[in-house]
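For reference, model.cif is printed below; it contains mmCIF, C-alpha atoms.
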data_entry
loop_
_atom_site.label_atom_id
_atom_site.label_comp_id
_atom_site.auth_asym_id
_atom_site.auth_seq_id
_atom_site.Cartn_x
_atom_site.Cartn_y
_atom_site.Cartn_z
CA MET A 1 94.27 33.48 97.80
CA GLY A 2 96.38 36.37 99.04
CA GLU A 3 95.15 39.78 100.04
CA THR A 4 95.00 42.60 97.53
CA PRO A 5 97.22 45.61 98.29
CA GLY A 6 94.40 47.53 99.96
CA GLN A 7 93.40 44.72 102.27
CA CYS A 8 94.55 44.36 105.86
CA GLY A 9 94.76 41.25 108.00
CA HIS A 10 92.10 42.22 110.52
CA ALA A 11 89.66 43.34 107.84
CA ALA A 12 90.03 40.12 105.84
CA LEU A 13 89.51 38.06 108.98
CA LEU A 14 86.41 40.07 109.79
CA ARG A 15 84.80 39.26 106.45
CA ASP A 16 85.30 35.54 106.95
CA ALA A 17 83.99 35.59 110.52
CA LEU A 18 80.63 37.31 110.06
CA PHE A 19 77.22 36.62 108.56
CA GLN A 20 75.79 38.55 105.60
CA CYS A 21 75.03 41.79 107.45
CA GLY A 22 78.43 41.82 109.08
CA LYS A 23 80.12 41.01 105.79
CA ARG A 24 78.78 44.23 104.36
CA ILE A 25 80.68 45.99 107.13
CA ALA A 26 83.77 43.96 106.29
CA ASP A 27 83.48 44.81 102.60
CA CYS A 28 83.36 48.46 103.53
CA VAL A 29 86.47 48.05 105.65
CA LEU A 30 88.31 46.30 102.83
CA GLU A 31 87.47 49.03 100.35
CA ASP A 32 88.71 51.85 102.58
CA THR A 33 90.64 50.53 105.57
CA ALA A 34 92.25 53.86 106.38
CA GLY A 35 88.91 55.65 106.21
CA VAL A 36 87.15 53.13 108.44
CA ALA A 37 89.95 53.37 111.00
CA ALA A 38 88.87 56.97 111.54
CA MET A 39 85.10 56.31 111.56
CA THR A 40 82.77 56.04 114.52
CA SER A 41 80.64 52.92 114.67
CA ALA A 42 77.64 54.96 113.53
CA GLU A 43 79.55 56.21 110.51
CA LEU A 44 80.60 52.65 109.70
CA ALA A 45 76.97 51.53 109.91
CA HIS A 46 75.96 54.23 107.46
CA CYS A 47 78.87 53.48 105.12
CA SER A 48 78.06 49.76 105.03
CA SER A 49 74.29 50.34 104.60
CA THR A 50 73.53 48.48 107.78
CA SER A 51 71.27 49.62 110.56
CA GLU A 52 72.44 51.78 113.43
CA ALA A 53 71.82 48.77 115.63
CA THR A 54 74.31 46.71 113.64
CA GLY A 55 76.94 49.39 113.96
CA GLU A 56 76.24 50.29 117.62
CA LYS A 57 74.48 47.62 119.64
CA LYS A 58 75.97 44.68 117.85
CA LYS A 59 79.40 46.11 117.43
CA PRO A 60 80.80 43.97 120.28
CA VAL A 61 79.64 40.91 118.32
CA PHE A 62 81.88 41.26 115.28
CA ALA A 63 84.65 42.87 117.30
CA LYS A 64 84.65 40.02 119.82
CA LYS A 65 84.62 37.43 117.05
CA LEU A 66 87.93 38.87 116.06
CA GLY A 67 89.19 38.78 119.64
CA PHE A 68 88.76 42.49 120.42
CA GLU A 69 87.24 43.81 123.61
CA ASN A 70 85.25 46.55 121.87
CA TYR A 71 84.90 48.58 118.70
CA ARG A 72 87.66 50.98 119.72
CA ALA A 73 90.19 48.16 120.05
CA PHE A 74 89.21 46.89 116.60
CA GLN A 75 89.56 50.43 115.22
CA LEU A 76 93.07 50.76 116.63
CA ALA A 77 94.05 47.44 115.08
CA LEU A 78 92.92 48.73 111.69
CA ALA A 79 95.02 51.83 112.16
CA ARG A 80 98.09 49.72 112.91
CA ASP A 81 97.49 47.66 109.78
CA VAL A 82 97.35 50.83 107.71
CA MET A 83 100.62 52.06 109.21
CA GLU A 84 102.36 48.76 108.52
CA ARG A 85 101.31 48.83 104.87
CA GLN A 86 102.33 52.42 104.39
CA PRO A 87 105.85 52.64 105.84
CA LEU A 88 107.17 56.11 106.54
CA GLU A 89 109.77 57.47 104.17
CA ILE A 90 113.01 57.62 106.12
CA SER A 91 115.04 60.80 106.16
CA ASN A 92 117.59 62.41 108.48
CA GLU A 93 115.27 65.03 109.92
CA VAL A 94 114.00 65.25 113.48
CA GLN A 95 111.02 67.57 113.91
CA LEU A 96 108.76 68.20 116.88
CA ASP A 97 105.78 68.75 114.58
CA ASN A 98 106.14 65.24 113.14
CA ILE A 99 107.11 62.95 116.00
CA PRO A 100 106.07 59.60 114.39
CA GLN A 101 108.24 60.28 111.32
CA SER A 102 111.10 61.57 113.46
CA LEU A 103 111.05 58.46 115.65
CA GLN A 104 111.36 56.29 112.56
CA ASN A 105 114.20 58.47 111.28
CA ILE A 106 116.10 58.09 114.56
CA LEU A 107 115.46 54.34 114.68
CA SER A 108 116.61 53.85 111.10
CA ASN A 109 119.80 55.83 111.67
CA LYS A 110 120.64 54.00 114.89
CA ILE A 111 120.07 50.61 113.24
CA ASP A 112 122.29 51.64 110.32
CA GLU A 113 124.90 52.88 112.77
CA MET A 114 125.02 49.57 114.65
CA SER A 115 124.92 47.49 111.47
CA ALA A 116 127.77 49.44 109.89
CA THR A 117 129.82 49.08 113.07
CA ILE A 118 129.31 45.32 113.30
CA ASN A 119 129.84 44.73 109.57
CA GLY A 120 133.01 46.82 109.63
CA ILE A 121 134.76 44.67 112.24
CA ASN A 122 137.67 42.73 110.79
CA PRO A 123 137.56 39.18 112.26
CA GLU A 124 141.34 38.74 112.29
CA ASN A 125 141.89 42.07 114.00
CA LEU A 126 139.14 41.30 116.51
CA GLN A 127 140.78 37.96 117.27
CA ARG A 128 144.08 39.67 118.04
CA VAL A 129 142.40 42.20 120.33
CA LEU A 130 140.57 39.42 122.17
CA GLU A 131 143.84 37.53 122.69
CA LEU A 132 145.46 40.65 124.10
CA LEU A 133 142.59 41.23 126.53
CA GLN A 134 142.40 37.60 127.60
CA ASN A 135 146.13 37.37 128.33
CA ALA A 136 146.56 40.81 129.91
CA GLN A 137 147.49 40.99 133.56
CA LEU A 138 145.57 44.26 133.78
CA VAL A 139 143.45 46.32 131.36
CA GLN A 140 143.20 50.06 131.77
CA ILE A 141 140.30 51.73 129.96
CA ALA A 142 140.40 55.47 129.43
CA ALA A 143 138.16 58.07 127.82
CA VAL A 144 137.51 61.77 128.18
CA GLY A 145 134.38 63.89 128.05
CA ASN A 146 131.24 62.29 126.66
CA THR A 147 132.76 58.82 126.18
CA ILE A 148 133.59 58.39 129.88
CA PRO A 149 130.30 56.49 130.49
CA VAL A 150 131.33 53.96 127.82
CA ALA A 151 134.64 53.39 129.60
CA MET A 152 132.88 52.95 132.95
CA ASP A 153 130.46 50.45 131.43
CA ALA A 154 133.30 48.52 129.79
CA ALA A 155 135.26 48.27 133.04
CA PHE A 156 132.17 47.02 134.88
CA LYS A 157 131.48 44.37 132.25
CA PHE A 158 135.07 43.14 132.09
CA ASN A 159 135.26 42.99 135.90
CA GLN A 160 132.20 40.73 135.78
CA LEU A 161 134.22 38.32 133.66
CA GLY A 162 136.97 38.12 136.29
CA MET A 163 139.35 40.43 134.43
CA ARG A 164 141.52 42.89 136.34
CA CYS A 165 140.28 46.07 134.77
CA ILE A 166 140.41 49.69 135.92
CA THR A 167 139.19 53.10 134.79
CA SER A 168 138.41 56.50 136.26
CA GLU A 169 136.27 59.47 135.31
CA ILE A 170 139.17 61.68 136.44
CA SER A 171 141.56 62.10 133.51
CA GLU A 172 144.50 63.06 135.70
CA LYS A 173 144.14 59.79 137.59
CA ASN A 174 144.01 57.83 134.34
CA SER A 175 147.16 59.56 133.12
CA ALA A 176 149.00 58.82 136.35
CA PHE A 177 147.98 55.15 136.36
CA ALA A 178 149.01 54.73 132.70
CA LEU A 179 152.58 55.45 133.78
CA THR A 180 152.55 52.21 135.81
CA LEU A 181 151.45 49.91 132.97
CA THR A 182 153.78 47.15 131.78
CA PRO A 183 154.08 45.24 128.49
CA GLN A 184 151.92 42.50 130.05
CA ASP A 185 149.02 44.98 130.38
CA VAL A 186 146.72 46.59 127.79
CA LEU A 187 145.60 50.19 127.41
CA LEU A 188 142.12 50.43 125.86
CA LEU A 189 141.21 53.96 124.74
CA ILE A 190 137.79 55.20 123.60
CA SER A 191 137.59 58.37 121.52
CA ASN A 192 135.09 59.09 118.76
CA SER A 193 137.19 61.86 117.24
CA GLY A 194 140.61 60.41 118.06
CA LYS A 195 141.87 63.91 118.79
CA SER A 196 142.03 64.01 122.58
CA ARG A 197 145.31 65.52 123.79
CA ARG A 198 145.07 63.70 127.13
CA LEU A 199 144.51 60.30 125.52
CA ASN A 200 147.22 61.04 122.99
CA GLN A 201 149.70 61.57 125.84
CA MET A 202 148.60 58.31 127.48
CA ALA A 203 148.98 56.40 124.21
CA GLN A 204 152.46 57.81 123.64
CA THR A 205 153.51 56.90 127.19
CA ALA A 206 152.17 53.36 126.72
CA ARG A 207 154.05 52.92 123.46
CA ASP A 208 157.26 54.14 125.07
CA ASN A 209 156.81 51.47 127.77
CA GLY A 210 155.95 48.69 125.33
CA VAL A 211 152.28 48.53 126.38
CA PRO A 212 149.80 47.40 123.66
CA VAL A 213 147.29 50.13 122.79
CA VAL A 214 143.77 49.36 121.51
CA LEU A 215 141.60 52.24 120.29
CA ILE A 216 137.86 52.42 119.68
CA THR A 217 137.28 55.39 117.37
CA CYS A 218 135.27 56.70 114.43
CA ASP A 219 138.32 58.13 112.65
CA ARG A 220 141.02 55.71 111.51
CA SER A 221 143.18 58.60 110.26
CA SER A 222 143.13 60.59 113.51
CA PRO A 223 146.33 61.40 115.46
CA LEU A 224 145.37 58.95 118.19
CA ALA A 225 144.77 56.19 115.65
CA GLN A 226 148.35 56.56 114.44
CA LEU A 227 149.60 55.65 117.93
CA ALA A 228 147.34 52.62 118.43
CA ASP A 229 148.43 49.05 117.77
CA HIS A 230 144.89 47.91 117.04
CA LEU A 231 141.83 49.87 115.86
CA LEU A 232 138.17 49.01 116.38
CA ILE A 233 136.21 51.38 114.16
CA SER A 234 132.79 52.57 115.27
CA THR A 235 130.33 54.30 112.94
CA ASN A 236 128.77 57.59 113.97
CA ARG A 237 125.67 58.69 112.06
CA GLU A 238 124.55 61.26 114.63
CA GLN A 239 125.78 64.15 112.52
CA LEU A 240 123.39 63.05 109.76
CA ILE A 241 120.44 63.68 112.07
CA THR A 242 121.67 66.82 113.80
CA THR A 243 123.26 68.22 110.61
CA THR A 244 126.30 69.39 112.60
CA ASP A 245 129.92 68.78 111.72
CA PHE A 246 130.32 66.38 114.63
CA ALA A 247 127.92 65.14 117.25
CA LEU A 248 128.30 62.44 119.84
CA SER A 249 126.74 59.02 119.62
CA ARG A 250 127.84 56.45 122.20
CA ILE A 251 125.79 53.63 120.68
CA SER A 252 128.37 52.33 118.21
CA ALA A 253 131.16 52.41 120.82
CA ILE A 254 128.90 50.54 123.25
CA VAL A 255 128.18 47.99 120.52
CA ILE A 256 131.90 47.28 120.21
CA ILE A 257 132.16 46.83 123.99
CA GLU A 258 129.23 44.42 123.83
CA VAL A 259 130.99 42.48 121.06
CA LEU A 260 134.16 42.19 123.14
CA TYR A 261 132.18 41.19 126.23
CA ASN A 262 130.25 38.44 124.47
CA PHE A 263 133.36 36.90 122.90
CA LEU A 264 135.29 37.12 126.16
CA LEU A 265 132.35 35.53 127.98
CA VAL A 266 132.60 32.37 125.88
CA GLY A 267 136.37 32.43 125.32
CA ARG A 268 137.77 33.27 128.74
CA PRO A 269 138.09 30.26 131.08
CA GLY A 270 135.86 30.57 134.11
CA ALA A 271 134.19 33.76 132.84
CA LYS A 272 130.64 32.47 133.26
CA GLY A 273 131.40 31.42 136.81
CA PHE A 274 132.69 34.90 137.60
CA VAL A 275 129.48 36.40 136.19
CA SER A 276 127.40 34.16 138.44
CA ARG A 277 129.47 35.06 141.50
CA HIS A 278 129.19 38.73 140.64
CA GLU A 279 125.43 38.49 140.30
CA GLY A 280 125.25 36.72 143.63
CA LEU A 281 127.31 39.48 145.24
CA MET A 282 124.90 42.11 143.91
CA ALA A 283 121.71 40.15 144.66
CA HIS A 284 121.06 41.81 148.02
CA ASP A 285 120.84 45.21 146.31
CA LYS A 286 117.92 43.93 144.24
CA ASP A 287 115.91 42.54 147.15
CA VAL A 288 113.33 45.30 147.64
CA ARG A 289 110.17 44.27 149.48
#
In structure tokens, how does this file's structure come out?
Amino acid sequence: MGETPGQCGHAALLRDALFQCGKRIADCVLEDTAGVAAMTSAELAHCSSTSEATGEKKKPVFAKKLGFENYRAFQLALARDVMERQPLEISNEVQLDNIPQSLQNILSNKIDEMSATINGINPENLQRVLELLQNAQLVQIAAVGNTIPVAMDAAFKFNQLGMRCITSEISEKNSAFALTLTPQDVLLLISNSGKSRRLNQMAQTARDNGVPVVLITCDRSSPLAQLADHLLISTNREQLITTTDFALSRISAIVIIEVLYNFLLVGRPGAKGFVSRHEGLMAHDKDVR
């Protein structure tokens, strides 16, 4: 027989594990799990019409039968059961005076952001981008402002796979290097807004030289998107939480980089061997004694 809506797993287990006196405590827990989670052992003894000794001195007995070290551990388990059965209503608000709710709001939005990004990837388009990256003699990755860390991470990951990949946090250096790219190379740009003047200039230069341009962006109608040969669309829900017109979230762009990395890892010949060699090269930095 299944539990009724007000019953929790730990409370039901308690009732089955104890003798008559302890079962009265369990019945009390089942009737008001949330209330008992906030009770002292003495209050539970009174509520269940058992002696103070049953609630206090013998409390390790029924708690230990359930696998808990003490009454407090059992009490915390009840509280978790209550929380699981009463999920918080998700909204877009983040408030310091309600941190538990706000944490759930942030988590829900980030999960939605990643899910929307993954589900929005077109398999055929992804396949073409992967072929470009696999066959490129060199991949230049460029970003400006807050997306620079994503570009740095992408270059590091692709280098691990044995790909000749370069980036810089200095935009002038990126612009200068883009002038040297050939049609056998790939320019990978990362811009949430797709409105960066610097990246726009790099994309135009690449197109003039016959270099394929791949863009990771949130806006498929942006000026930069019009210059790209292939778009990988990321979803940004940060503005829903901050209630601003535009706010940065790197998570969806990083998710796309992770997608590219994982497919390249299994599709690029020798990639796994390069990863192992790279890890071996870095091993001495992790040897702290």
Residues in the PyMOL selection byres ((chain A and resi 189-194) around 8), expressed as a list in words: Ile141, Ala142, Ala143, Val144, Thr147, Val150, Ala151, Leu187, Leu188, Lys195, Ser196, Leu199, Val213, Val214, Leu215, Ile216, Thr217, Cys218, Asp219, Ser222, Pro223, Leu224, Ala225, Ser234, Leu248 and Ala253 of chain A
Go through A:Leu138, A:Leu96, A:Ile170, A:Met163 one by one, measure the shortest atom-to-atom distance of each to A:Pro212 using only C-alpha atoms, and give the residue with the smallest value.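 Result for the nearest residue to A:Pro212: A:Leu138.
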Restricting the calculation to all atoms listed in the file: of A:Asp229, A:Asp185, A:Asp112, A:Glu124, which residue gets closest to A:Ile251? A:Asp112
Please indicate the distance in Å from atom CA of A:Ile118 to atom CA of A:Ile148, rounded to one decimal place.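 Between these atoms lies a distance of 21.5 Å.
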Work out how far apart atom CA of A:Gln140 and atom CA of A:His284 are and give it in Å to one decimal.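 Interatomic distance here is 28.7 Å.
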Could you tell me how far atom CA of A:Arg250 sits from atom CA of A:Met282, in Å to one decimal place?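 Atom CA of A:Arg250 lies 26.2 Å from atom CA of A:Met282.
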List as a ChimeraX atom specification the protein and nucleic acid residues near A:Glu172, meaning an atom at most 12 Å away when all atoms listed in the file are counted, but skip any in the same chain fewer than 2 places from it. /A:142-144,167-170,174-179,198-199,201-202
Restricting the output to C-alpha atoms, write the selected residues as a PDB file, in the frame of the given file.
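Saved result, selection16.pdb, follows:
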ATOM      1  CA  ALA A 142     140.400  55.470 129.430  1.00  0.00           C
ATOM      2  CA  ALA A 143     138.160  58.070 127.820  1.00  0.00           C
ATOM      3  CA  VAL A 144     137.510  61.770 128.180  1.00  0.00           C
ATOM      4  CA  THR A 167     139.190  53.100 134.790  1.00  0.00           C
ATOM      5  CA  SER A 168     138.410  56.500 136.260  1.00  0.00           C
ATOM      6  CA  GLU A 169     136.270  59.470 135.310  1.00  0.00           C
ATOM      7  CA  ILE A 170     139.170  61.680 136.440  1.00  0.00           C
ATOM      8  CA  ASN A 174     144.010  57.830 134.340  1.00  0.00           C
ATOM      9  CA  SER A 175     147.160  59.560 133.120  1.00  0.00           C
ATOM     10  CA  ALA A 176     149.000  58.820 136.350  1.00  0.00           C
ATOM     11  CA  PHE A 177     147.980  55.150 136.360  1.00  0.00           C
ATOM     12  CA  ALA A 178     149.010  54.730 132.700  1.00  0.00           C
ATOM     13  CA  LEU A 179     152.580  55.450 133.780  1.00  0.00           C
ATOM     14  CA  ARG A 198     145.070  63.700 127.130  1.00  0.00           C
ATOM     15  CA  LEU A 199     144.510  60.300 125.520  1.00  0.00           C
ATOM     16  CA  GLN A 201     149.700  61.570 125.840  1.00  0.00           C
ATOM     17  CA  MET A 202     148.600  58.310 127.480  1.00  0.00           C
TER      18      MET A 202
END
Using only C-alpha atoms, can you tell me which of A:Gly273, A:His230, A:Phe74, A:Phe156 comes closest to A:Ala38? A:Phe74
I need the residue nearest A:Ile233 from this list: A:Ala155, A:Ala26, A:Val36, A:Ala116. Use all atoms listed in the file for the distance.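 Checking each of A:Ala155, A:Ala26, A:Val36, A:Ala116 against A:Ile233, counting all atoms listed in the file, the winner is A:Ala116.
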Quick one: residues within 12 Å of A:Gln160, only C-alpha atoms counted, chain neighbours fewer than 5 positions away excluded, as an MDAnalysis selection string? chainID A and resid 153:155 165 261:262 264:265 268 270:282
With C-alpha atoms retained, write the just-selected residues as an mmCIF file, in the coordinates of the input.
data_model
loop_
_atom_site.group_PDB
_atom_site.id
_atom_site.type_symbol
_atom_site.label_atom_id
_atom_site.label_comp_id
_atom_site.auth_asym_id
_atom_site.auth_seq_id
_atom_site.Cartn_x
_atom_site.Cartn_y
_atom_site.Cartn_z
ATOM 1 C CA ASP A 153 130.460 50.450 131.430
ATOM 2 C CA ALA A 154 133.300 48.520 129.790
ATOM 3 C CA ALA A 155 135.260 48.270 133.040
ATOM 4 C CA CYS A 165 140.280 46.070 134.770
ATOM 5 C CA TYR A 261 132.180 41.190 126.230
ATOM 6 C CA ASN A 262 130.250 38.440 124.470
ATOM 7 C CA LEU A 264 135.290 37.120 126.160
ATOM 8 C CA LEU A 265 132.350 35.530 127.980
ATOM 9 C CA ARG A 268 137.770 33.270 128.740
ATOM 10 C CA GLY A 270 135.860 30.570 134.110
ATOM 11 C CA ALA A 271 134.190 33.760 132.840
ATOM 12 C CA LYS A 272 130.640 32.470 133.260
ATOM 13 C CA GLY A 273 131.400 31.420 136.810
ATOM 14 C CA PHE A 274 132.690 34.900 137.600
ATOM 15 C CA VAL A 275 129.480 36.400 136.190
ATOM 16 C CA SER A 276 127.400 34.160 138.440
ATOM 17 C CA ARG A 277 129.470 35.060 141.500
ATOM 18 C CA HIS A 278 129.190 38.730 140.640
ATOM 19 C CA GLU A 279 125.430 38.490 140.300
ATOM 20 C CA GLY A 280 125.250 36.720 143.630
ATOM 21 C CA LEU A 281 127.310 39.480 145.240
ATOM 22 C CA MET A 282 124.900 42.110 143.910
#
A:Ile166, A:Arg197, A:Phe158, A:Ser171: which is nearest A:Leu130, counting only C-alpha atoms?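 Under the stated criterion, the closest residue is A:Phe158.
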Here is a test: counting all atoms listed in the file, which residue of A:Gly210, A:Gly162, A:Pro149, A:Pro183 is nearest to A:Pro269?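 For A:Pro269, the nearest of the given residues is A:Gly162.
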For A:Ala136, list every protein, DNA or RNA residue within 7 Å, evaluated using only C-alpha atoms, and leave out those in the same chain fewer than 4 positions away; present the list as a PyMOL selection string. chain A and resi 132+184-186
Using the chain letters and numbers from this file, what does the PyMOL selection byres ((chain A and resi 209) around 8) select? Give the answer as a PyMOL selection string. chain A and resi 181-183+205-208+210-211
